[in-house]
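Okay, structure first, notes after.
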Amino acid sequence: MSDVSGVRLPVSQHAFLRMKGVLGLSHTVTIETQIRDLVALRAACRRAGLEQPQQETVQLFSGQATGYCVRLPQWRYPVVCDPQNGTIHFDNYGGRWGEQRQLDRLMQAYATEKTLFEAHKQGYAATEQTLSDGRIKLTIHVGEEL
Amino acid sequence: MRQIEVIVMPDGQCRVETKGFAGAICEAASRFLERVLGKCTGRTRTSEFYHTDARQETRTRLDLK
């Protein structure tokens with residue numbers, strides 16, 4: 001029995017609170033995004049209005065790098081992604097040879113596309129909302145409890 | 001309604017939260033994302049995580065009889 005909000009129901013207090021939407025958050029994980037999926041990277045480039053990545057060997061300031069190259073606006077050198085190990089190589093000289101926010105935008109687009117892909121792969125519906133501070137909120141609907 | 005909420009920061013970092021789950025099942029529910037998005041840099045659990053589902057508990061007690 002529960003006496004939350006003065007109501008007595010034949011359910012546990014916990015279940016009642018959950019139905020009322022009072023309970024909810026059970027754990028939080030923070031993740032540093034790594035580009036490991038070429039399909040999601042291609043989708044991220046489309047989302048960000050960038051050319052599709054090409055596999056090539058390019059010369060960066062610090063040396064050669066091989067992988068899928070993404071050309072960011074106003075960047076002197078391309079960003080080289082290696083989906084095999086999730087690493088990216090770039091030389092932007094602390095922002096002098098390319099604005100960090102352009103790379104951040106690519107990473108945000110990738111994380112968004114990868115999350116949506118994985119949710120759909122699991123058969124879950126997902127909604128997307130861009131927040132006023134630039135964050136993107138993705139809500140994955142896992143369904144009712146059985 | 002059980003949901004997984006992913007907040008993608010402007011720099012691409014992600015915060016994954018589970019809502020409406022009871023007990024350790026919440027971690028299993030979001031593991032498919034944690035595995036593929038990148039490197040986990042932090043994890044926090046709320047009191048909800050440690051709350052055992054009342055029905056599971058009842059079932060277990062019945063099974064013991």
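Chains: A, B, ... in order of the structure tokens. Residues: from 1 per chain. Ligands: from 1, in order shown.
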Using only C-alpha atoms and a distance of at most 6 Å, pull out the residues of chain B that contact chain A, as an MDAnalysis selection string. chainID B and resid 1:20 37:46 48:49
Those in range 34-145 of chain A with strand (DSSP E or B) from DSSP, as a PyMOL selection string: chain A and resi 54-60+63-70+79-82+87-89+125-130+136-143
Would you give me, as an NGL selection string, the residues in chain A that DSSP reads as alpha helix (DSSP H)? :A and (13-19 or 38-48 or 100-121)
Writer output for current selection, N, CA and C atoms, as a CSV table (one decimal), in the first residue's frame:
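Below you can see result-v3.csv, which holds the result:
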```csv
chain,number,residue,atom,x,y,z
A,13,GLN,N,5.0,1.5,-3.0
A,13,GLN,CA,5.3,2.9,-3.1
A,13,GLN,C,6.2,3.2,-4.3
A,14,HIS,N,7.1,2.3,-4.5
A,14,HIS,CA,8.1,2.5,-5.6
A,14,HIS,C,7.4,2.5,-6.9
A,15,ALA,N,6.5,1.5,-7.1
A,15,ALA,CA,5.8,1.4,-8.4
A,15,ALA,C,4.9,2.6,-8.6
A,16,PHE,N,4.3,3.0,-7.5
A,16,PHE,CA,3.4,4.2,-7.6
A,16,PHE,C,4.1,5.4,-8.0
A,17,LEU,N,5.3,5.6,-7.4
A,17,LEU,CA,6.1,6.8,-7.8
A,17,LEU,C,6.5,6.7,-9.2
A,18,ARG,N,6.8,5.5,-9.6
A,18,ARG,CA,7.3,5.4,-11.0
A,18,ARG,C,6.2,5.7,-12.0
A,19,MET,N,5.0,5.3,-11.7
A,19,MET,CA,3.8,5.6,-12.5
A,19,MET,C,3.6,7.1,-12.6
A,38,LEU,N,32.2,3.8,-39.8
A,38,LEU,CA,32.3,4.6,-41.1
A,38,LEU,C,30.9,5.0,-41.6
A,39,VAL,N,29.9,4.2,-41.4
A,39,VAL,CA,28.5,4.5,-41.9
A,39,VAL,C,28.0,5.8,-41.1
A,40,ALA,N,28.2,5.7,-39.8
A,40,ALA,CA,27.8,6.9,-39.0
A,40,ALA,C,28.6,8.1,-39.3
A,41,LEU,N,29.9,7.9,-39.6
A,41,LEU,CA,30.7,9.1,-40.0
A,41,LEU,C,30.2,9.7,-41.3
A,42,ARG,N,29.9,8.9,-42.2
A,42,ARG,CA,29.3,9.4,-43.5
A,42,ARG,C,28.0,10.2,-43.2
A,43,ALA,N,27.2,9.6,-42.3
A,43,ALA,CA,25.9,10.3,-42.0
A,43,ALA,C,26.2,11.6,-41.3
A,44,ALA,N,27.2,11.6,-40.4
A,44,ALA,CA,27.6,12.8,-39.7
A,44,ALA,C,28.0,13.9,-40.6
A,45,CYS,N,28.8,13.5,-41.6
A,45,CYS,CA,29.3,14.5,-42.6
A,45,CYS,C,28.1,15.1,-43.4
A,46,ARG,N,27.1,14.2,-43.7
A,46,ARG,CA,25.9,14.8,-44.4
A,46,ARG,C,25.2,15.8,-43.5
A,47,ARG,N,25.0,15.4,-42.2
A,47,ARG,CA,24.3,16.2,-41.3
A,47,ARG,C,25.0,17.6,-41.1
A,48,ALA,N,26.4,17.5,-41.1
A,48,ALA,CA,27.2,18.8,-40.9
A,48,ALA,C,27.4,19.5,-42.2
A,100,GLN,N,38.4,25.0,-33.5
A,100,GLN,CA,38.1,23.8,-32.8
A,100,GLN,C,36.6,23.4,-32.9
A,101,ARG,N,35.8,24.5,-32.9
A,101,ARG,CA,34.3,24.3,-32.9
A,101,ARG,C,33.9,23.5,-34.2
A,102,GLN,N,34.6,23.6,-35.3
A,102,GLN,CA,34.3,22.8,-36.5
A,102,GLN,C,34.5,21.3,-36.2
A,103,LEU,N,35.5,21.0,-35.5
A,103,LEU,CA,35.8,19.6,-35.2
A,103,LEU,C,34.7,19.1,-34.2
A,104,ASP,N,34.4,20.0,-33.2
A,104,ASP,CA,33.4,19.7,-32.2
A,104,ASP,C,32.1,19.4,-32.9
A,105,ARG,N,31.7,20.2,-33.9
A,105,ARG,CA,30.5,20.0,-34.6
A,105,ARG,C,30.4,18.7,-35.3
A,106,LEU,N,31.5,18.2,-35.9
A,106,LEU,CA,31.6,16.9,-36.5
A,106,LEU,C,31.4,15.8,-35.5
A,107,MET,N,32.1,16.0,-34.3
A,107,MET,CA,32.0,14.9,-33.3
A,107,MET,C,30.5,14.9,-32.7
A,108,GLN,N,29.9,16.0,-32.6
A,108,GLN,CA,28.5,16.0,-32.1
A,108,GLN,C,27.6,15.4,-33.1
A,109,ALA,N,27.8,15.7,-34.4
A,109,ALA,CA,27.0,15.1,-35.5
A,109,ALA,C,27.2,13.5,-35.5
A,110,TYR,N,28.5,13.1,-35.3
A,110,TYR,CA,28.7,11.7,-35.3
A,110,TYR,C,28.0,11.0,-34.1
A,111,ALA,N,28.2,11.5,-32.9
A,111,ALA,CA,27.6,10.9,-31.7
A,111,ALA,C,26.0,10.8,-31.9
A,112,THR,N,25.5,11.9,-32.5
A,112,THR,CA,24.0,11.9,-32.7
A,112,THR,C,23.6,10.8,-33.7
A,113,GLU,N,24.3,10.7,-34.8
A,113,GLU,CA,23.9,9.7,-35.8
A,113,GLU,C,24.2,8.3,-35.3
A,114,LYS,N,25.3,8.1,-34.6
A,114,LYS,CA,25.6,6.8,-34.1
A,114,LYS,C,24.5,6.3,-33.1
A,115,THR,N,24.1,7.2,-32.2
A,115,THR,CA,23.1,6.9,-31.2
A,115,THR,C,21.8,6.5,-31.9
A,116,LEU,N,21.4,7.3,-32.9
A,116,LEU,CA,20.1,7.0,-33.7
A,116,LEU,C,20.2,5.7,-34.4
A,117,PHE,N,21.4,5.4,-35.0
A,117,PHE,CA,21.6,4.1,-35.7
A,117,PHE,C,21.4,2.9,-34.7
A,118,GLU,N,22.1,3.1,-33.6
A,118,GLU,CA,22.1,1.9,-32.6
A,118,GLU,C,20.7,1.7,-32.0
A,119,ALA,N,20.0,2.9,-31.8
A,119,ALA,CA,18.6,2.7,-31.3
A,119,ALA,C,17.7,2.0,-32.2
A,120,HIS,N,17.8,2.4,-33.5
A,120,HIS,CA,16.9,1.8,-34.5
A,120,HIS,C,17.3,0.4,-34.7
A,121,LYS,N,18.6,0.0,-34.6
A,121,LYS,CA,19.0,-1.3,-34.8
A,121,LYS,C,18.4,-2.2,-33.7
```
The residue from A:Gln59, A:Gly95, A:Glu51, A:His89 with the smallest atom-to-atom distance to Leu72 in chain A, counting only C-alpha atoms, is A:Glu51
Report as a list of chain:residue names all protein, DNA and RNA residues lying within 7 Å of Gln55 in chain A, evaluated on only C-alpha atoms, omitting residues in the same chain fewer than 2 positions from it.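 Surrounding residues, per the criterion: A:Pro53, A:Gly67, A:Tyr68, A:Cys69.
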What does the distance between CA of Val80 in chain A and CA of Phe61 in chain A come to in Å, to one decimal place?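 Going from CA of Val80 in chain A over to CA of Phe61 in chain A covers 12.6 Å.
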